[in-house]
Amino acid sequence: MQKATFHYGGTPAEVVEVDADVSLMRAAVTNGVAGIVGECGGQAMCATCHVYVREQYLDALPAIGADEDEMLDCTVAPRDPVRSRLACQLTLGPGLDEIEVDVPEQQV
């Protein structure tokens with residue numbers, strides 16, 4: 001079982017156990033994590049699962065695809081050129097057993 005930690009400015013973090021090969025967005029929505037909407041269901045078409053990945057996990061992530069890159073330009077919260085990712089495009093499993101992200105204050 002993998003682990004995802006969602007940090008919020010000024011409030012306690014939320015830790016969720018994630019099955020292998022499940023996206024970070026799906027795990028968040030399934031577990032009622034605040035601030036992750038996932039309006040498009042994980043198709044990289046809405047940017048409502050925007051997160052800021054903590055730096056120690058960046059090297060383990062896959063490269064940003066063209067669709068994700070385009071949607072990151074449409075986020076409500078400012079895009080961080082290094083840390084911004086869509087949670088629907090991040091899958092936990094071999095090579096990424098845990099991840100910590102900061103959730104923007106606003107998604108829509």
# chains A, B, ... in the order shown; residues from 1 in each chain; ligands from 1
$ residues_around --residues "Glu100 (chain A)" --least-positions-apart "5" --cutoff "9 Å" --atoms "only C-alpha atoms" --output "ChimeraX atom specification"
/A:3-7,15,52-57
$ select_by_dssp --residues "region 28-96 of chain A" --states "helix (DSSP H, G or I)" --output "PyMOL selection string"
chain A and resi 28-30+55-60+66-72+87-89
$ write_last_selection --atoms "N, CA and C atoms" --output "PDB file, in the first residue's frame"
ATOM      1  N   ALA A  28      -7.571  10.687  -3.881  1.00  0.00           N
ATOM      2  CA  ALA A  28      -8.060  11.851  -3.134  1.00  0.00           C
ATOM      3  C   ALA A  28      -9.581  11.943  -3.178  1.00  0.00           C
ATOM      4  N   VAL A  29     -10.151  11.799  -4.351  1.00  0.00           N
ATOM      5  CA  VAL A  29     -11.606  11.902  -4.501  1.00  0.00           C
ATOM      6  C   VAL A  29     -12.303  10.766  -3.755  1.00  0.00           C
ATOM      7  N   THR A  30     -11.791   9.558  -3.877  1.00  0.00           N
ATOM      8  CA  THR A  30     -12.375   8.395  -3.202  1.00  0.00           C
ATOM      9  C   THR A  30     -12.366   8.554  -1.684  1.00  0.00           C
ATOM     10  N   GLU A  55       9.374  18.946  -3.145  1.00  0.00           N
ATOM     11  CA  GLU A  55      10.588  18.802  -3.949  1.00  0.00           C
ATOM     12  C   GLU A  55      11.257  17.442  -3.870  1.00  0.00           C
ATOM     13  N   GLN A  56      11.250  16.786  -2.718  1.00  0.00           N
ATOM     14  CA  GLN A  56      11.959  15.509  -2.588  1.00  0.00           C
ATOM     15  C   GLN A  56      11.341  14.393  -3.438  1.00  0.00           C
ATOM     16  N   TYR A  57      10.157  14.600  -4.012  1.00  0.00           N
ATOM     17  CA  TYR A  57       9.494  13.583  -4.827  1.00  0.00           C
ATOM     18  C   TYR A  57       9.551  13.874  -6.325  1.00  0.00           C
ATOM     19  N   LEU A  58      10.036  15.028  -6.711  1.00  0.00           N
ATOM     20  CA  LEU A  58      10.000  15.438  -8.107  1.00  0.00           C
ATOM     21  C   LEU A  58      10.763  14.511  -9.042  1.00  0.00           C
ATOM     22  N   ASP A  59      11.908  14.026  -8.631  1.00  0.00           N
ATOM     23  CA  ASP A  59      12.725  13.181  -9.515  1.00  0.00           C
ATOM     24  C   ASP A  59      12.072  11.831  -9.808  1.00  0.00           C
ATOM     25  N   ALA A  60      11.140  11.391  -8.994  1.00  0.00           N
ATOM     26  CA  ALA A  60      10.487  10.093  -9.187  1.00  0.00           C
ATOM     27  C   ALA A  60       9.274  10.177 -10.113  1.00  0.00           C
ATOM     28  N   ALA A  66       2.002  16.601 -22.932  1.00  0.00           N
ATOM     29  CA  ALA A  66       1.511  17.815 -23.591  1.00  0.00           C
ATOM     30  C   ALA A  66       0.155  18.262 -23.046  1.00  0.00           C
ATOM     31  N   ASP A  67      -0.778  17.312 -22.833  1.00  0.00           N
ATOM     32  CA  ASP A  67      -2.102  17.680 -22.319  1.00  0.00           C
ATOM     33  C   ASP A  67      -2.006  18.260 -20.913  1.00  0.00           C
ATOM     34  N   GLU A  68      -1.211  17.609 -20.071  1.00  0.00           N
ATOM     35  CA  GLU A  68      -1.041  18.107 -18.703  1.00  0.00           C
ATOM     36  C   GLU A  68      -0.394  19.483 -18.705  1.00  0.00           C
ATOM     37  N   ASP A  69       0.621  19.662 -19.514  1.00  0.00           N
ATOM     38  CA  ASP A  69       1.312  20.946 -19.600  1.00  0.00           C
ATOM     39  C   ASP A  69       0.350  22.062 -20.006  1.00  0.00           C
ATOM     40  N   GLU A  70      -0.499  21.776 -20.977  1.00  0.00           N
ATOM     41  CA  GLU A  70      -1.482  22.766 -21.433  1.00  0.00           C
ATOM     42  C   GLU A  70      -2.478  23.102 -20.327  1.00  0.00           C
ATOM     43  N   MET A  71      -2.958  22.084 -19.615  1.00  0.00           N
ATOM     44  CA  MET A  71      -3.936  22.335 -18.556  1.00  0.00           C
ATOM     45  C   MET A  71      -3.322  23.064 -17.362  1.00  0.00           C
ATOM     46  N   LEU A  72      -2.056  22.848 -17.106  1.00  0.00           N
ATOM     47  CA  LEU A  72      -1.406  23.554 -15.994  1.00  0.00           C
ATOM     48  C   LEU A  72      -1.336  25.051 -16.248  1.00  0.00           C
ATOM     49  N   ALA A  87      -2.895  15.939 -10.329  1.00  0.00           N
ATOM     50  CA  ALA A  87      -2.908  14.703  -9.548  1.00  0.00           C
ATOM     51  C   ALA A  87      -3.439  13.523 -10.359  1.00  0.00           C
ATOM     52  N   CYS A  88      -4.258  13.786 -11.371  1.00  0.00           N
ATOM     53  CA  CYS A  88      -4.784  12.696 -12.197  1.00  0.00           C
ATOM     54  C   CYS A  88      -3.704  12.060 -13.064  1.00  0.00           C
ATOM     55  N   GLN A  89      -2.583  12.721 -13.219  1.00  0.00           N
ATOM     56  CA  GLN A  89      -1.504  12.207 -14.054  1.00  0.00           C
ATOM     57  C   GLN A  89      -0.382  11.561 -13.240  1.00  0.00           C
TER      58      GLN A  89
END
$ closest_residue --among "A:Gly65, A:Gly41, A:Gly10, A:Pro78" --to "Pro104 (chain A)" --atoms "only C-alpha atoms"
A:Pro78
$ closest_residue --among "A:Ser23, A:Glu105, A:Asp97, A:His50" --to "Arg85 (chain A)" --atoms "only C-alpha atoms"
A:His50
$ closest_residue --among "A:Ala44, A:Leu92, A:Ala34, A:Val18" --to "Thr75 (chain A)" --atoms "only C-alpha atoms"
A:Ala44
$ select_by_dssp --residues "chain A" --states "strand (DSSP E)" --output "ChimeraX atom specification"
/A:2-8,11-18,50-53,84-86,98-102
$ write_last_selection --atoms "N, CA and C atoms" --output "PDB file, in the first residue's frame"
ATOM      1  N   GLN A   2       0.599   2.179  -0.883  1.00  0.00           N
ATOM      2  CA  GLN A   2       1.342   3.422  -0.961  1.00  0.00           C
ATOM      3  C   GLN A   2       0.663   4.481  -0.088  1.00  0.00           C
ATOM      4  N   LYS A   3       1.382   5.590   0.118  1.00  0.00           N
ATOM      5  CA  LYS A   3       0.868   6.634   1.004  1.00  0.00           C
ATOM      6  C   LYS A   3       0.986   7.994   0.318  1.00  0.00           C
ATOM      7  N   ALA A   4      -0.084   8.770   0.393  1.00  0.00           N
ATOM      8  CA  ALA A   4      -0.092  10.134  -0.130  1.00  0.00           C
ATOM      9  C   ALA A   4      -0.448  11.084   1.005  1.00  0.00           C
ATOM     10  N   THR A   5       0.328  12.151   1.128  1.00  0.00           N
ATOM     11  CA  THR A   5       0.068  13.158   2.159  1.00  0.00           C
ATOM     12  C   THR A   5      -0.286  14.464   1.475  1.00  0.00           C
ATOM     13  N   PHE A   6      -1.443  15.004   1.834  1.00  0.00           N
ATOM     14  CA  PHE A   6      -1.942  16.253   1.279  1.00  0.00           C
ATOM     15  C   PHE A   6      -1.803  17.336   2.339  1.00  0.00           C
ATOM     16  N   HIS A   7      -1.011  18.347   2.039  1.00  0.00           N
ATOM     17  CA  HIS A   7      -0.776  19.447   2.973  1.00  0.00           C
ATOM     18  C   HIS A   7      -1.636  20.652   2.583  1.00  0.00           C
ATOM     19  N   TYR A   8      -2.133  21.321   3.609  1.00  0.00           N
ATOM     20  CA  TYR A   8      -2.943  22.524   3.437  1.00  0.00           C
ATOM     21  C   TYR A   8      -2.293  23.638   4.226  1.00  0.00           C
ATOM     22  N   THR A  11      -3.374  24.154   8.190  1.00  0.00           N
ATOM     23  CA  THR A  11      -4.189  23.123   8.818  1.00  0.00           C
ATOM     24  C   THR A  11      -3.449  21.788   8.749  1.00  0.00           C
ATOM     25  N   PRO A  12      -3.862  20.820   9.554  1.00  0.00           N
ATOM     26  CA  PRO A  12      -3.161  19.521   9.552  1.00  0.00           C
ATOM     27  C   PRO A  12      -3.211  18.831   8.187  1.00  0.00           C
ATOM     28  N   ALA A  13      -2.166  18.107   7.897  1.00  0.00           N
ATOM     29  CA  ALA A  13      -2.102  17.343   6.650  1.00  0.00           C
ATOM     30  C   ALA A  13      -3.049  16.152   6.729  1.00  0.00           C
ATOM     31  N   GLU A  14      -3.442  15.667   5.564  1.00  0.00           N
ATOM     32  CA  GLU A  14      -4.299  14.498   5.469  1.00  0.00           C
ATOM     33  C   GLU A  14      -3.506  13.388   4.785  1.00  0.00           C
ATOM     34  N   VAL A  15      -3.445  12.223   5.408  1.00  0.00           N
ATOM     35  CA  VAL A  15      -2.700  11.089   4.877  1.00  0.00           C
ATOM     36  C   VAL A  15      -3.700  10.044   4.380  1.00  0.00           C
ATOM     37  N   VAL A  16      -3.466   9.564   3.164  1.00  0.00           N
ATOM     38  CA  VAL A  16      -4.357   8.595   2.528  1.00  0.00           C
ATOM     39  C   VAL A  16      -3.537   7.408   2.054  1.00  0.00           C
ATOM     40  N   GLU A  17      -4.022   6.204   2.290  1.00  0.00           N
ATOM     41  CA  GLU A  17      -3.388   5.018   1.726  1.00  0.00           C
ATOM     42  C   GLU A  17      -3.911   4.838   0.308  1.00  0.00           C
ATOM     43  N   VAL A  18      -2.990   4.508  -0.600  1.00  0.00           N
ATOM     44  CA  VAL A  18      -3.323   4.438  -2.024  1.00  0.00           C
ATOM     45  C   VAL A  18      -2.910   3.078  -2.576  1.00  0.00           C
ATOM     46  N   HIS A  50      -5.097  20.147  -9.467  1.00  0.00           N
ATOM     47  CA  HIS A  50      -3.769  20.775  -9.432  1.00  0.00           C
ATOM     48  C   HIS A  50      -3.177  20.645  -8.033  1.00  0.00           C
ATOM     49  N   VAL A  51      -1.927  20.211  -7.965  1.00  0.00           N
ATOM     50  CA  VAL A  51      -1.198  20.132  -6.702  1.00  0.00           C
ATOM     51  C   VAL A  51       0.223  20.629  -6.916  1.00  0.00           C
ATOM     52  N   TYR A  52       0.883  20.962  -5.808  1.00  0.00           N
ATOM     53  CA  TYR A  52       2.297  21.316  -5.819  1.00  0.00           C
ATOM     54  C   TYR A  52       3.051  20.168  -5.154  1.00  0.00           C
ATOM     55  N   VAL A  53       3.817  19.426  -5.938  1.00  0.00           N
ATOM     56  CA  VAL A  53       4.553  18.277  -5.416  1.00  0.00           C
ATOM     57  C   VAL A  53       5.737  18.775  -4.599  1.00  0.00           C
ATOM     58  N   SER A  84       4.259  22.258  -9.923  1.00  0.00           N
ATOM     59  CA  SER A  84       2.860  22.062 -10.306  1.00  0.00           C
ATOM     60  C   SER A  84       2.676  20.806 -11.141  1.00  0.00           C
ATOM     61  N   ARG A  85       1.686  20.000 -10.746  1.00  0.00           N
ATOM     62  CA  ARG A  85       1.299  18.817 -11.513  1.00  0.00           C
ATOM     63  C   ARG A  85      -0.206  18.615 -11.360  1.00  0.00           C
ATOM     64  N   LEU A  86      -0.779  17.831 -12.249  1.00  0.00           N
ATOM     65  CA  LEU A  86      -2.164  17.399 -12.105  1.00  0.00           C
ATOM     66  C   LEU A  86      -2.148  16.045 -11.411  1.00  0.00           C
ATOM     67  N   GLU A  98       5.428   6.671  -2.031  1.00  0.00           N
ATOM     68  CA  GLU A  98       4.779   7.723  -1.251  1.00  0.00           C
ATOM     69  C   GLU A  98       5.021   9.059  -1.935  1.00  0.00           C
ATOM     70  N   ILE A  99       4.155  10.004  -1.619  1.00  0.00           N
ATOM     71  CA  ILE A  99       4.282  11.341  -2.178  1.00  0.00           C
ATOM     72  C   ILE A  99       3.648  12.321  -1.209  1.00  0.00           C
ATOM     73  N   GLU A 100       4.167  13.533  -1.197  1.00  0.00           N
ATOM     74  CA  GLU A 100       3.579  14.620  -0.421  1.00  0.00           C
ATOM     75  C   GLU A 100       3.352  15.788  -1.355  1.00  0.00           C
ATOM     76  N   VAL A 101       2.167  16.360  -1.249  1.00  0.00           N
ATOM     77  CA  VAL A 101       1.806  17.486  -2.103  1.00  0.00           C
ATOM     78  C   VAL A 101       1.155  18.583  -1.271  1.00  0.00           C
ATOM     79  N   ASP A 102       1.261  19.797  -1.776  1.00  0.00           N
ATOM     80  CA  ASP A 102       0.545  20.929  -1.200  1.00  0.00           C
ATOM     81  C   ASP A 102      -0.668  21.190  -2.084  1.00  0.00           C
TER      82      ASP A 102
END
$ closest_residue --among "A:Cys74, A:Val108, A:Ile64, A:Asp21" --to "Ile36 (chain A)" --atoms "only C-alpha atoms"
A:Val108
$ closest_residue --among "A:Val103, A:Met1, A:Leu61, A:Val22" --to "Cys49 (chain A)" --atoms "only C-alpha atoms"
A:Val103
